[in-house]
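Undergrad: This is final.csv (CSV, C-alpha atoms).
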chain,number,residue,atom,x,y,z
A,638,MET,CA,71.8,115.0,69.3
A,639,SER,CA,71.0,114.0,72.9
A,640,ALA,CA,67.5,114.0,74.3
A,641,ILE,CA,66.5,114.0,77.9
A,642,ALA,CA,63.0,113.3,79.2
A,643,TYR,CA,61.8,113.6,82.8
A,644,PRO,CA,58.7,111.4,83.1
A,645,GLN,CA,56.6,111.9,86.2
A,646,ALA,CA,56.1,108.8,88.2
A,647,ASP,CA,52.6,108.3,89.4
A,648,GLY,CA,52.5,108.3,93.2
A,649,LEU,CA,55.7,110.2,93.8
A,650,PHE,CA,55.8,113.7,95.1
A,651,LYS,CA,57.0,116.2,92.5
A,652,ASN,CA,59.9,118.0,94.2
A,653,PRO,CA,61.0,121.1,92.4
A,654,ALA,CA,64.6,120.5,93.5
A,655,TYR,CA,65.2,117.3,91.6
A,656,SER,CA,63.6,114.8,89.2
A,657,HIS,CA,62.9,111.3,90.2
A,658,VAL,CA,63.5,109.9,86.7
A,659,ALA,CA,65.7,111.1,83.9
A,660,VAL,CA,65.7,109.2,80.6
A,661,ALA,CA,68.6,110.1,78.3
A,662,SER,CA,69.7,109.1,74.9
A,663,GLY,CA,72.7,110.5,73.1
A,664,ALA,CA,76.0,109.8,71.5
A,665,ARG,CA,78.2,110.1,74.6
A,666,THR,CA,77.9,109.7,78.3
A,667,VAL,CA,80.2,111.9,80.4
A,668,TYR,CA,81.1,111.0,84.0
A,669,ILE,CA,82.4,113.8,86.1
A,670,SER,CA,84.4,112.8,89.2
A,671,GLY,CA,83.3,114.3,92.5
A,672,GLN,CA,84.3,118.0,92.6
A,673,VAL,CA,85.2,119.8,95.7
A,674,ALA,CA,85.7,123.5,96.6
A,675,MET,CA,89.2,123.9,95.4
A,676,ASP,CA,90.3,126.7,93.0
A,677,SER,CA,92.7,126.3,90.1
A,678,GLN,CA,95.6,126.9,92.4
A,679,GLY,CA,94.5,124.1,94.8
A,680,ASN,CA,93.2,126.5,97.5
A,681,LEU,CA,90.1,125.7,99.5
A,682,VAL,CA,87.3,128.2,98.7
A,683,GLY,CA,84.8,129.0,101.4
A,684,ALA,CA,86.4,127.4,104.5
A,685,GLY,CA,83.7,126.5,106.9
A,686,ASP,CA,80.9,127.9,104.6
A,687,LEU,CA,78.7,125.2,103.0
A,688,GLY,CA,77.0,127.7,100.6
A,689,ALA,CA,80.3,129.2,99.3
A,690,GLN,CA,81.8,125.7,98.9
A,691,THR,CA,78.7,124.5,97.1
A,692,GLU,CA,79.0,127.4,94.6
A,693,GLN,CA,82.6,126.7,94.0
A,694,VAL,CA,81.9,123.0,93.5
A,695,MET,CA,79.2,123.9,90.9
A,696,ARG,CA,81.6,126.2,89.1
A,697,ASN,CA,84.2,123.3,89.1
A,698,LEU,CA,81.5,121.0,87.7
A,699,GLY,CA,80.8,123.5,84.9
A,700,LEU,CA,84.5,123.6,84.0
A,701,ALA,CA,84.7,119.8,83.9
A,702,LEU,CA,81.6,119.6,81.8
A,703,ALA,CA,82.9,122.2,79.4
A,704,ALA,CA,86.2,120.2,79.0
A,705,ALA,CA,84.0,117.3,77.8
A,706,GLY,CA,82.0,119.5,75.4
A,707,ALA,CA,79.0,119.4,77.8
A,708,SER,CA,77.0,121.8,80.0
A,709,PHE,CA,74.7,121.7,82.9
A,710,ALA,CA,71.8,121.3,80.3
A,711,ASP,CA,73.3,117.8,79.6
A,712,VAL,CA,73.5,116.6,83.2
A,713,VAL,CA,71.1,113.8,83.9
A,714,LYS,CA,72.2,112.7,87.4
A,715,ILE,CA,74.2,114.2,90.3
A,716,THR,CA,75.2,112.7,93.6
A,717,THR,CA,76.0,115.1,96.5
A,718,TYR,CA,78.0,114.1,99.6
A,719,VAL,CA,77.8,116.4,102.6
A,720,VAL,CA,80.0,116.1,105.7
A,721,ASP,CA,77.9,116.0,109.0
A,722,TYR,CA,74.7,116.5,107.1
A,723,LYS,CA,71.8,118.1,108.8
A,724,PRO,CA,68.3,118.7,107.3
A,725,GLU,CA,68.9,122.5,107.3
A,726,HIS,CA,71.8,122.0,104.9
A,727,ARG,CA,69.4,121.1,102.1
A,728,ALA,CA,68.2,124.7,101.7
A,729,ILE,CA,71.8,126.0,101.7
A,730,ILE,CA,72.9,123.6,99.0
A,731,GLY,CA,69.7,124.1,97.0
A,732,LYS,CA,70.1,127.9,97.0
A,733,ALA,CA,73.7,127.6,95.7
A,734,ARG,CA,72.9,124.8,93.2
A,735,THR,CA,69.6,126.0,91.7
A,736,PRO,CA,71.0,128.8,89.4
A,737,PHE,CA,73.1,126.3,87.5
A,738,PHE,CA,70.0,124.3,86.5
A,739,ALA,CA,67.7,127.3,86.0
A,740,GLY,CA,65.2,127.1,83.1
A,741,ARG,CA,65.1,123.4,82.9
A,742,GLU,CA,64.0,120.3,84.8
A,743,PRO,CA,66.5,119.5,87.5
A,744,PRO,CA,68.5,116.3,87.1
A,745,ALA,CA,67.9,113.1,89.1
A,746,SER,CA,69.7,113.6,92.4
A,747,THR,CA,70.9,111.8,95.4
A,748,LEU,CA,72.2,113.5,98.6
A,749,VAL,CA,74.2,111.5,101.1
A,750,GLY,CA,75.4,112.6,104.5
A,751,ILE,CA,78.9,111.3,105.4
A,752,SER,CA,81.3,111.7,108.2
A,753,ALA,CA,84.3,113.0,106.2
A,754,LEU,CA,85.7,113.6,102.8
A,755,ALA,CA,89.2,113.0,101.5
A,756,ALA,CA,90.7,116.2,103.0
A,757,PRO,CA,90.0,118.3,106.1
A,758,GLY,CA,87.9,121.4,105.5
A,759,TRP,CA,86.0,119.9,102.5
A,760,LEU,CA,82.3,120.1,103.4
A,761,ILE,CA,80.7,119.0,100.1
A,762,GLU,CA,81.5,116.9,97.0
A,763,ILE,CA,79.3,116.6,93.9
A,764,GLU,CA,79.7,114.2,91.0
A,765,ALA,CA,77.7,114.3,87.8
A,766,ILE,CA,76.7,112.2,84.8
A,767,ALA,CA,75.9,114.0,81.5
A,768,VAL,CA,74.6,112.7,78.2
A,769,VAL,CA,75.8,114.7,75.1
A,770,GLY,CA,74.5,114.3,71.6
Turn the structure described in the file into structure tokens.

TA:
Amino acid sequence: MSAIAYPQADGLFKNPAYSHVAVASGARTVYISGQVAMDSQGNLVGAGDLGAQTEQVMRNLGLALAAAGASFADVVKITTYVVDYKPEHRAIIGKARTPFFAGREPPASTLVGISALAAPGWLIEIEAIAVVG
């Protein structure tokens, strides 16, 4: 069985949107490639809409996690890449992402602003690491 602890580091601001530290132990580590806002048919979902794309990305992460026998409860780290990032994007992403981690400590998280992703129209890509017992 996996165990995940989120120790609070003295001197660091406790941000409700992410954890600074995640300590995981378990039988398997699952690495999920960066997911983008494509549906199962390869169509872009939410063209031009960062919130809609983030929701689709999170749904895709959930599908990938399930394929590995994991869930959002097992995620210990996510990395988010956002095209042409602006500070106001953080609230949009957080609103779309938060329900997927509801009822638990959020995972460790990194957000990176970038100039482009692999295909035109993609606004966000998120990768995840999970630990499953």

Undergrad: Quick one: distance from atom CA of Pro644 of chain A to atom CA of Ala739 of chain A in Å, one decimal?

TA: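 Interatomic distance, atom CA of Pro644 of chain A to atom CA of Ala739 of chain A: 18.5 Å.
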
Undergrad: Of the candidates A:Pro757, A:Pro744, A:Gly706, A:Gly688, which shows the shortest atom-to-atom distance to Arg727 of chain A, using all atoms listed in the file?

TA: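 Smallest separation from Arg727 of chain A among the options: A:Gly688.
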
Undergrad: Around the point (61.1, 113.4, 84.7) in the file's coordinates, collect all residues with an atom within 6 Å, using all atoms listed in the file, and return them as a PyMOL selection string.

TA: chain A and resi 642-645+656+658-659

Undergrad: Smallest atom-to-atom distance to Asp721 of chain A: which of A:Phe737, A:Phe650, A:Tyr655, A:Trp759, using all atoms listed in the file?

TA: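 Of A:Phe737, A:Phe650, A:Tyr655, A:Trp759, the one nearest Asp721 of chain A, counting all atoms listed in the file, is A:Trp759.
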
Undergrad: Determine the nearest neighbour of Gly750 of chain A from the options A:Leu698, A:Ala707, A:Val719, A:Ile641, counting all atoms listed in the file.

TA: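 Of the candidates, the smallest distance to Gly750 of chain A is held by A:Val719.
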
Undergrad: Taking 4 positions as the minimum chain separation for residues in the same chain, which residues sit within 10 Å of Gly740 of chain A when counting only C-alpha atoms? Answer as JSON, numbers by chain.

TA: {"A": [710, 735, 736]}

Undergrad: For Val769 of chain A, which of A:Val713, A:Ala674, A:Ala654, A:Ala753 is the closest residue, counting all atoms listed in the file?

TA: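 Looking only at the distances to Val769 of chain A, the closest residue turns out to be A:Val713.
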
Undergrad: I'd like the interatomic distance between atom CA of Gly770 of chain A and atom CA of Val694 of chain A, to a tenth of an Å.

TA: 24.7 Å

Undergrad: Can you tell me how far atom CA of Ala745 of chain A sits from atom CA of Gly683 of chain A, in Å to one decimal?

TA: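 Here the two named atoms are 26.3 Å from each other.
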
Undergrad: Using all atoms listed in the file, can you tell me which of A:Phe738, A:Tyr668, A:Phe709, A:Tyr718 comes closest to Ile751 of chain A?

TA: A:Tyr718

Undergrad: Using all atoms listed in the file, which of the listed residues (A:Gln693, A:Ala701, A:Val667, A:Gly648) sits closest to Asn680 of chain A?

TA: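 The shortest atom-to-atom distance to Asn680 of chain A comes from A:Gln693.
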
Undergrad: With a distance cut-off of 12 Å and all atoms listed in the file, select the neighbouring residues of Leu748 of chain A, excluding the residue or stretch itself and same-chain residues fewer than 6 positions from it, and output the selection as a PyMOL selection string.

TA: chain A and resi 654-655+714-720+722-724+726-727+730-731+761-764

Undergrad: Could N, CA and C atoms be built for segment 736-768 of chain A and written out as a tab-separated table (two decimals), keeping the file's coordinate frame?

TA:
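See selection09.tsv below for the written result:
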chain	number	residue	atom	x	y	z
A	736	PRO	N	70.70	127.93	90.60
A	736	PRO	CA	71.00	128.80	89.40
A	736	PRO	C	71.66	128.02	88.27
A	737	PHE	N	72.39	127.00	88.58
A	737	PHE	CA	73.10	126.30	87.50
A	737	PHE	C	72.17	125.39	86.70
A	738	PHE	N	70.99	125.10	87.23
A	738	PHE	CA	70.00	124.30	86.50
A	738	PHE	C	68.76	125.12	86.17
A	739	ALA	N	68.87	126.44	86.22
A	739	ALA	CA	67.70	127.30	86.00
A	739	ALA	C	67.19	127.13	84.56
A	740	GLY	N	65.87	127.21	84.44
A	740	GLY	CA	65.20	127.10	83.10
A	740	GLY	C	65.07	125.75	82.58
A	741	ARG	N	65.27	124.74	83.40
A	741	ARG	CA	65.10	123.40	82.90
A	741	ARG	C	64.69	122.47	84.07
A	742	GLU	N	64.29	121.27	83.73
A	742	GLU	CA	64.00	120.30	84.80
A	742	GLU	C	65.31	119.97	85.49
A	743	PRO	N	65.29	119.87	86.81
A	743	PRO	CA	66.50	119.50	87.50
A	743	PRO	C	66.85	118.03	87.23
A	744	PRO	N	68.13	117.67	87.33
A	744	PRO	CA	68.50	116.30	87.10
A	744	PRO	C	68.06	115.37	88.22
A	745	ALA	N	68.11	114.07	87.97
A	745	ALA	CA	67.90	113.10	89.10
A	745	ALA	C	69.06	113.38	90.06
A	746	SER	N	68.77	113.19	91.34
A	746	SER	CA	69.70	113.60	92.40
A	746	SER	C	69.67	112.74	93.59
A	747	THR	N	70.83	112.50	94.16
A	747	THR	CA	70.90	111.80	95.40
A	747	THR	C	71.82	112.63	96.35
A	748	LEU	N	71.39	112.79	97.61
A	748	LEU	CA	72.20	113.50	98.60
A	748	LEU	C	72.49	112.53	99.73
A	749	VAL	N	73.78	112.44	100.07
A	749	VAL	CA	74.20	111.50	101.10
A	749	VAL	C	75.01	112.22	102.16
A	750	GLY	N	74.61	112.04	103.40
A	750	GLY	CA	75.40	112.60	104.50
A	750	GLY	C	76.48	111.61	104.89
A	751	ILE	N	77.67	112.16	105.09
A	751	ILE	CA	78.90	111.30	105.40
A	751	ILE	C	79.62	111.93	106.56
A	752	SER	N	80.55	111.17	107.10
A	752	SER	CA	81.30	111.70	108.20
A	752	SER	C	82.52	112.50	107.82
A	753	ALA	N	83.08	112.24	106.65
A	753	ALA	CA	84.30	113.00	106.20
A	753	ALA	C	84.47	112.82	104.72
A	754	LEU	N	85.20	113.75	104.13
A	754	LEU	CA	85.70	113.60	102.80
A	754	LEU	C	87.17	113.41	102.79
A	755	ALA	N	87.82	113.40	101.64
A	755	ALA	CA	89.20	113.00	101.50
A	755	ALA	C	90.20	114.00	102.19
A	756	ALA	N	89.79	115.25	102.38
A	756	ALA	CA	90.70	116.20	103.00
A	756	ALA	C	89.93	117.05	104.04
A	757	PRO	N	90.62	117.43	105.10
A	757	PRO	CA	90.00	118.30	106.10
A	757	PRO	C	89.51	119.59	105.51
A	758	GLY	N	88.38	120.07	105.95
A	758	GLY	CA	87.90	121.40	105.50
A	758	GLY	C	86.90	121.23	104.32
A	759	TRP	N	86.95	120.13	103.59
A	759	TRP	CA	86.00	119.90	102.50
A	759	TRP	C	84.65	119.57	103.14
A	760	LEU	N	83.61	120.31	102.81
A	760	LEU	CA	82.30	120.10	103.40
A	760	LEU	C	81.34	119.39	102.41
A	761	ILE	N	81.62	119.49	101.09
A	761	ILE	CA	80.70	119.00	100.10
A	761	ILE	C	81.48	118.49	98.87
A	762	GLU	N	80.98	117.44	98.25
A	762	GLU	CA	81.50	116.90	97.00
A	762	GLU	C	80.35	116.51	96.13
A	763	ILE	N	80.41	116.89	94.84
A	763	ILE	CA	79.30	116.60	93.90
A	763	ILE	C	79.90	115.95	92.67
A	764	GLU	N	79.33	114.81	92.25
A	764	GLU	CA	79.70	114.20	91.00
A	764	GLU	C	78.50	114.25	90.05
A	765	ALA	N	78.77	114.13	88.75
A	765	ALA	CA	77.70	114.30	87.80
A	765	ALA	C	77.86	113.29	86.62
A	766	ILE	N	76.73	112.98	86.01
A	766	ILE	CA	76.70	112.20	84.80
A	766	ILE	C	75.91	113.05	83.77
A	767	ALA	N	76.49	113.20	82.58
A	767	ALA	CA	75.90	114.00	81.50
A	767	ALA	C	75.75	113.11	80.27
A	768	VAL	N	74.76	113.41	79.44
A	768	VAL	CA	74.60	112.70	78.20
A	768	VAL	C	74.62	113.82	77.09
